[in-house]
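Undergrad: Attaching a single structure in structure tokens format; questions to follow.
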Amino acid sequence: MPAAKPLKTGRIAGPLDTVVLVGASAALWALAARWVGPQVLTGPVETIGYLGGLFADPEFRASVWETTRAFSLALAIAWASGLAIGMMLGAHRLTGEVAEPILTALYSIPKITLYPVILLFFGLGMPARVAFGAIHGIVPVALFTMAAVRGVRPVYFRTARSLRLGPLATARHIILPACLPGIVSGLRIGFSLTLLGTLIGEMFASQRGLGHMVIRAMETNDVRLLIALALFLVTVATGAGALLLAVDRRVARLGAGRG
Amino acid sequence: MGLHAQIPLGEPVTAQAAHVAVRGLTRIFPGANGRPPLQALGPLDLDLAPGEFFSVVGPSGCGKSTLLDILAGLSPASAGSVTFEGKPVADTVPDGVGVVFQEDSSFPWLSVFDNAAFGLRRLKTPEAQLRPRVEEALALIGLSDFASAFPAQLSGGMRQRVCIARTLVMRPRLILLDEPFGALDQQTKLLMGDELLRLWRETGATILLITHSLDEAALLSDRIGVMSARPGRFIDVIETGWARDRDSRLAADPGFGAITARIWRQLREESLKAMRAAP
């Protein structure tokens, strides 16, 4: 009897690869900072020290809280709406075929051009930031979910019927897990784009949040603050992205190797 | 062992003890976009005796899979009737009927054990009763050592065995197999055929196998129904006369060649008709 094959995943970066990548990036950053000077780019050691100090600053903490609130709300809306739209369009083929080109077009237009319209609707403040963040995430989550639902193999529906499963049991025990790899990929992309949208929203029409702090640092040419904020945002986004990617890969592994 | 007499067409074989009885079965698909309705099947009569191994062969598009779908309750008949253990089959898969499809339908997100246990878990079978039944089914199909593996780690043949285990664990009295080995290579097909025969002997279930393979039909079956080109009807029912305790070594029996030759004689003209009718 042949032995079970290992899952076909390819090589996935391990902790050592991450350390090497972070180390190389820090070295390049240090070289670049030395080359262009602290007026343009502060070095990693100085930036990390400054960022540590920022955590004691009430304004920074308030901005982090503001951005976290706006982003969490935007993400919840983007994920929930995207999943609902995607499932509906995936389940109803004709509607999906009509809506797909519209969604694809929406996905490809620069959302910043819609920001004046959003400001007219929601005014300056949290609702506009949340709405701008959410519109960045809804479409990719909807597109990925739609593709995942459409991609459920017809034989699973026949299997469900042959096992006398009702519609709810079929959705819960077969359709949902079968769609999960595609859905998780969509949620991951939606996460990144919603964060981007929230920060852009704070940058252009807000008096609060990390995006606003970034713009203010740019206007006052506060390079130290600018680079420290960038480091903070990159670290948070990369950490969350890596976590979601790990989930994505774990879910995708289960569907791999189907002949 | 040798070739037995042909059963007269349309005449019930063992009407008194029929496990499955099909009478005047017809399937007509409604026309779409101005096309006329398409009669895919029938009218067709068939009786399966309890514990019988019956195979259906026929040209592509003759309605073999449609027949299986109707027998399973997965698709409605346009006319005629199907009964399983005396009860009519319509719209739902009856209790006691298991179906294995041609495509791999194992669930990649579940382990082999959980795949096999899937149907019992949906019935909320207590774990203490479920475990021995699943272990028994996995042992029967030779996958005990792979209980914790996932389908992605298995070969195509092993994945198909997982699907068979998922069906067996429900202890079906009628097993409907829709070309379950269609995607496998010839050697694996022969070995899987042997395993299927062993399962059939050990479970005592009635089996209806849809297949394109004349060899498979000739090796495995008690009787073989040869179908015409669309609309599919039985043009010949061949009784093989093999002993119940048999395996793929039957391929060396002179009777085996006689059976496949007879099937092909019937099928050749029908296959040509189906090819000419293909769009």
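Residue numbering restarts at 1 for every chain of the structure tokens, chains are lettered A, B, ... in their displayed order, and ligands are numbered from 1 as they appear.
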Residues of chain B that have any atom at most 6 Å from an atom of chain A: could you tabulate them with the shortest-distance atom pair and the distance in Å to one decimal, using only C-alpha atoms, ordered by chain and increasing number, as JSON lines?

TA:
{"residue": "B:Val93", "atom": "CA", "partner": "A:Ser162", "partner_atom": "CA", "distance": 5.7}
{"residue": "B:Pro108", "atom": "CA", "partner": "A:Gly255", "partner_atom": "CA", "distance": 5.2}
{"residue": "B:Trp109", "atom": "CA", "partner": "A:Leu254", "partner_atom": "CA", "distance": 5.2}
{"residue": "B:Ala152", "atom": "CA", "partner": "A:Gly257", "partner_atom": "CA", "distance": 4.7}
{"residue": "B:Gln153", "atom": "CA", "partner": "A:Lys5", "partner_atom": "CA", "distance": 4.6}
{"residue": "B:Leu154", "atom": "CA", "partner": "A:Ala4", "partner_atom": "CA", "distance": 5.6}

Undergrad: Just want the 8 Å neighbourhood of range 196-212 of chain A, counted on only C-alpha atoms, with same-chain residues fewer than 4 positions away dropped. Output as a PDB file with N, CA and C atoms, in the first residue's frame.

TA:
ATOM      1  N   PHE A  60      -0.529  60.564  20.099  1.00  0.00           N
ATOM      2  CA  PHE A  60      -0.292  59.375  19.281  1.00  0.00           C
ATOM      3  C   PHE A  60      -1.250  58.251  19.687  1.00  0.00           C
ATOM      4  N   ALA A  62      -4.124  58.541  21.104  1.00  0.00           N
ATOM      5  CA  ALA A  62      -5.493  58.886  20.673  1.00  0.00           C
ATOM      6  C   ALA A  62      -5.656  58.627  19.171  1.00  0.00           C
ATOM      7  N   SER A  63      -4.610  58.943  18.416  1.00  0.00           N
ATOM      8  CA  SER A  63      -4.673  58.721  16.956  1.00  0.00           C
ATOM      9  C   SER A  63      -4.762  57.221  16.631  1.00  0.00           C
ATOM     10  N   VAL A  64      -3.958  56.424  17.370  1.00  0.00           N
ATOM     11  CA  VAL A  64      -4.005  54.974  17.153  1.00  0.00           C
ATOM     12  C   VAL A  64      -5.415  54.460  17.443  1.00  0.00           C
ATOM     13  N   TRP A  65      -5.994  54.948  18.513  1.00  0.00           N
ATOM     14  CA  TRP A  65      -7.353  54.531  18.902  1.00  0.00           C
ATOM     15  C   TRP A  65      -8.368  54.934  17.829  1.00  0.00           C
ATOM     16  N   GLU A  66      -8.245  56.174  17.322  1.00  0.00           N
ATOM     17  CA  GLU A  66      -9.156  56.672  16.278  1.00  0.00           C
ATOM     18  C   GLU A  66      -9.075  55.798  15.023  1.00  0.00           C
ATOM     19  N   THR A  67      -7.847  55.557  14.609  1.00  0.00           N
ATOM     20  CA  THR A  67      -7.646  54.753  13.388  1.00  0.00           C
ATOM     21  C   THR A  67      -8.152  53.324  13.603  1.00  0.00           C
ATOM     22  N   ALA A  70     -11.988  53.404  13.397  1.00  0.00           N
ATOM     23  CA  ALA A  70     -12.454  53.596  12.011  1.00  0.00           C
ATOM     24  C   ALA A  70     -12.173  52.356  11.172  1.00  0.00           C
ATOM     25  N   PHE A  71     -10.960  51.806  11.336  1.00  0.00           N
ATOM     26  CA  PHE A  71     -10.584  50.636  10.539  1.00  0.00           C
ATOM     27  C   PHE A  71     -11.429  49.414  10.919  1.00  0.00           C
ATOM     28  N   ALA A  74     -14.842  49.858   9.426  1.00  0.00           N
ATOM     29  CA  ALA A  74     -14.754  49.735   7.958  1.00  0.00           C
ATOM     30  C   ALA A  74     -14.554  48.271   7.567  1.00  0.00           C
ATOM     31  N   TYR A 115     -13.845  60.157  -3.371  1.00  0.00           N
ATOM     32  CA  TYR A 115     -13.809  60.724  -2.023  1.00  0.00           C
ATOM     33  C   TYR A 115     -14.635  61.996  -1.878  1.00  0.00           C
ATOM     34  N   LEU A 124     -17.252  65.612   7.062  1.00  0.00           N
ATOM     35  CA  LEU A 124     -15.929  65.339   7.635  1.00  0.00           C
ATOM     36  C   LEU A 124     -16.117  64.533   8.915  1.00  0.00           C
ATOM     37  N   GLY A 125     -15.272  63.585   9.157  1.00  0.00           N
ATOM     38  CA  GLY A 125     -15.360  62.849  10.418  1.00  0.00           C
ATOM     39  C   GLY A 125     -15.330  61.342  10.229  1.00  0.00           C
ATOM     40  N   ALA A 128     -17.194  59.289   7.244  1.00  0.00           N
ATOM     41  CA  ALA A 128     -16.556  59.369   5.921  1.00  0.00           C
ATOM     42  C   ALA A 128     -15.338  58.452   5.852  1.00  0.00           C
ATOM     43  N   ARG A 129     -14.561  58.422   6.945  1.00  0.00           N
ATOM     44  CA  ARG A 129     -13.354  57.570   6.964  1.00  0.00           C
ATOM     45  C   ARG A 129     -13.746  56.085   6.897  1.00  0.00           C
ATOM     46  N   VAL A 130     -14.791  55.771   7.656  1.00  0.00           N
ATOM     47  CA  VAL A 130     -15.262  54.374   7.663  1.00  0.00           C
ATOM     48  C   VAL A 130     -15.775  53.992   6.272  1.00  0.00           C
ATOM     49  N   PHE A 132     -15.040  55.337   3.383  1.00  0.00           N
ATOM     50  CA  PHE A 132     -13.958  55.277   2.394  1.00  0.00           C
ATOM     51  C   PHE A 132     -13.122  53.999   2.560  1.00  0.00           C
ATOM     52  N   GLY A 133     -12.899  53.630   3.814  1.00  0.00           N
ATOM     53  CA  GLY A 133     -12.186  52.364   4.062  1.00  0.00           C
ATOM     54  C   GLY A 133     -12.993  51.180   3.544  1.00  0.00           C
ATOM     55  N   ALA A 134     -14.299  51.200   3.853  1.00  0.00           N
ATOM     56  CA  ALA A 134     -15.149  50.047   3.492  1.00  0.00           C
ATOM     57  C   ALA A 134     -15.243  49.870   1.983  1.00  0.00           C
ATOM     58  N   ILE A 135     -15.363  50.982   1.229  1.00  0.00           N
ATOM     59  CA  ILE A 135     -15.524  50.797  -0.229  1.00  0.00           C
ATOM     60  C   ILE A 135     -14.263  50.219  -0.875  1.00  0.00           C
ATOM     61  N   HIS A 136     -13.135  50.383  -0.213  1.00  0.00           N
ATOM     62  CA  HIS A 136     -11.920  49.743  -0.735  1.00  0.00           C
ATOM     63  C   HIS A 136     -11.973  48.221  -0.568  1.00  0.00           C
ATOM     64  N   SER A 192      -6.213  44.322   3.684  1.00  0.00           N
ATOM     65  CA  SER A 192      -5.147  45.255   3.278  1.00  0.00           C
ATOM     66  C   SER A 192      -5.746  46.501   2.640  1.00  0.00           C
ATOM     67  N   ARG A 216       0.246  65.570   8.540  1.00  0.00           N
ATOM     68  CA  ARG A 216       0.773  66.716   9.296  1.00  0.00           C
ATOM     69  C   ARG A 216       2.304  66.663   9.364  1.00  0.00           C
ATOM     70  N   LEU A 229       6.006  56.782  12.075  1.00  0.00           N
ATOM     71  CA  LEU A 229       4.613  56.390  11.784  1.00  0.00           C
ATOM     72  C   LEU A 229       4.571  55.332  10.684  1.00  0.00           C
TER      73      LEU A 229
END

Undergrad: Using DSSP assignments from the backbone, pull out every residue in range 22-72 of chain B that falls under strand (DSSP E or B) and give it to me as a ChimeraX atom specification.

TA: /B:22-29,38-48,53-57

Undergrad: Give me a file of those residues, with C-alpha atoms, as a PDB file, in the first residue's frame.

TA:
ATOM      1  CA  VAL B  22     -38.445  -0.286 -12.917  1.00  0.00           C
ATOM      2  CA  ARG B  23     -41.508  -0.139 -15.163  1.00  0.00           C
ATOM      3  CA  GLY B  24     -41.906   1.903 -18.340  1.00  0.00           C
ATOM      4  CA  LEU B  25     -39.288   4.385 -17.193  1.00  0.00           C
ATOM      5  CA  THR B  26     -38.960   7.351 -19.543  1.00  0.00           C
ATOM      6  CA  ARG B  27     -37.084  10.619 -19.245  1.00  0.00           C
ATOM      7  CA  ILE B  28     -37.787  13.504 -21.584  1.00  0.00           C
ATOM      8  CA  PHE B  29     -35.863  16.745 -21.176  1.00  0.00           C
ATOM      9  CA  LEU B  38     -35.283  15.423 -26.009  1.00  0.00           C
ATOM     10  CA  GLN B  39     -36.165  11.878 -25.033  1.00  0.00           C
ATOM     11  CA  ALA B  40     -33.077  10.639 -23.222  1.00  0.00           C
ATOM     12  CA  LEU B  41     -34.320   7.355 -21.862  1.00  0.00           C
ATOM     13  CA  GLY B  42     -36.845   4.591 -22.237  1.00  0.00           C
ATOM     14  CA  PRO B  43     -39.361   3.280 -22.030  1.00  0.00           C
ATOM     15  CA  LEU B  44     -37.368   0.827 -19.978  1.00  0.00           C
ATOM     16  CA  ASP B  45     -38.118  -2.098 -17.625  1.00  0.00           C
ATOM     17  CA  LEU B  46     -35.690  -3.632 -15.161  1.00  0.00           C
ATOM     18  CA  ASP B  47     -35.771  -5.819 -12.063  1.00  0.00           C
ATOM     19  CA  LEU B  48     -32.840  -6.252  -9.736  1.00  0.00           C
ATOM     20  CA  PHE B  53     -24.491  -7.232  -9.218  1.00  0.00           C
ATOM     21  CA  PHE B  54     -25.907  -5.592 -12.330  1.00  0.00           C
ATOM     22  CA  SER B  55     -23.905  -3.467 -14.761  1.00  0.00           C
ATOM     23  CA  VAL B  56     -25.188  -1.110 -17.414  1.00  0.00           C
ATOM     24  CA  VAL B  57     -23.143  -0.443 -20.550  1.00  0.00           C
TER      25      VAL B  57
END

Undergrad: List as a list in words the protein and nucleic acid residues near Glu85 in chain B, meaning an atom at most 10 Å away when only C-alpha atoms are counted, but skip any in the same chain fewer than 6 places from it.

TA: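 Counting only C-alpha atoms, the residues come to Ala17, Ala18, His19, Val20, Ala21, Pro50, Pro94, Gly96, Arg173 and Leu174 of chain B.
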
Undergrad: Give the answer as one residue: which of A:Ser81, A:Thr18, A:Leu176, A:Leu106 has the shortest atom-to-atom distance to Gly239 in chain A, using only C-alpha atoms?

TA: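 Checking each of A:Ser81, A:Thr18, A:Leu176, A:Leu106 against Gly239 in chain A, counting only C-alpha atoms, the winner is A:Thr18.
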
Undergrad: Fewer than 3 positions away in the same chain doesn't count, so skip those; otherwise give me all residues within 7 Å of range 138-148 of chain A, counting only C-alpha atoms, as a list in words.

TA: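 Non-adjacent residues within range: Ala78, Trp79, Ser81, Gly82, Leu83, Ile85, Gly86, Met87, Leu89, Gly90, Leu103, Tyr107, Ala134, Ile135, Gly151, Val152, Cys179, Gly182, Ile183, Gly186, Leu187, Ile189 and Gly190 of chain A.
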
Undergrad: Separation of CA of Arg250 in chain A and CA of Ser111 in chain B, in Å?

TA: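 Separation of CA of Arg250 in chain A and CA of Ser111 in chain B: 14.2 Å.
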
Undergrad: What separation in Å, quoted to one decimal, exists between CA of Met158 in chain B and CA of His212 in chain B?

TA: 20.7 Å

Undergrad: Could you pull the residues within 9 Å of Arg171 in chain B, counting only C-alpha atoms, minus those fewer than 2 positions along the same chain, as number ranges by chain?

TA: B: 96-98, 167-169, 173-174, 203, 205

Undergrad: Next, write the just-selected residues to a file, as a tab-separated table (two decimals), in the first residue's frame, keeping C-alpha atoms as the atom set.

TA:
chain	number	residue	atom	x	y	z
B	96	GLY	CA	-30.88	2.32	2.30
B	97	VAL	CA	-29.57	3.63	-1.03
B	98	GLY	CA	-25.96	4.78	-1.39
B	167	THR	CA	-21.32	5.30	1.31
B	168	LEU	CA	-20.62	1.92	2.95
B	169	VAL	CA	-20.69	3.30	6.46
B	173	ARG	CA	-28.82	-2.17	0.81
B	174	LEU	CA	-28.58	-0.81	-2.73
B	203	THR	CA	-22.01	-6.57	2.56
B	205	ALA	CA	-25.80	-5.29	-0.99

Undergrad: Give me, as a ChimeraX atom specification, the residues of range 40-199 of chain B that a backbone DSSP run labels helix (DSSP H, G or I).

TA: /B:64-72,112-122,127-140,144-146,151-153,156-168,186-199

Undergrad: Neighbours of range 133-148 of chain B within 7 Å (only C-alpha atoms; same-chain residues fewer than 2 positions away dropped), as a compact mmCIF listing (two decimals) with C-alpha atoms, in the first residue's frame?

TA:
# COMPACT_ATOMS: atom_id res chain seq x y z
CA SER B 111 -9.64 13.71 7.13
CA VAL B 112 -10.30 10.25 5.69
CA PHE B 113 -11.98 9.23 8.96
CA ALA B 116 -16.23 8.39 6.08
CA ALA B 117 -18.08 9.51 9.22
CA GLN B 129 -21.51 3.79 17.75
CA LEU B 130 -20.00 5.82 14.93
CA ARG B 131 -16.34 4.98 15.57
CA PHE B 150 -6.41 14.22 4.13
CA ARG B 161 -12.21 4.44 -1.95
CA ALA B 165 -16.32 4.15 2.55
CA LEU B 168 -20.62 1.92 2.95
CA VAL B 169 -20.69 3.30 6.46
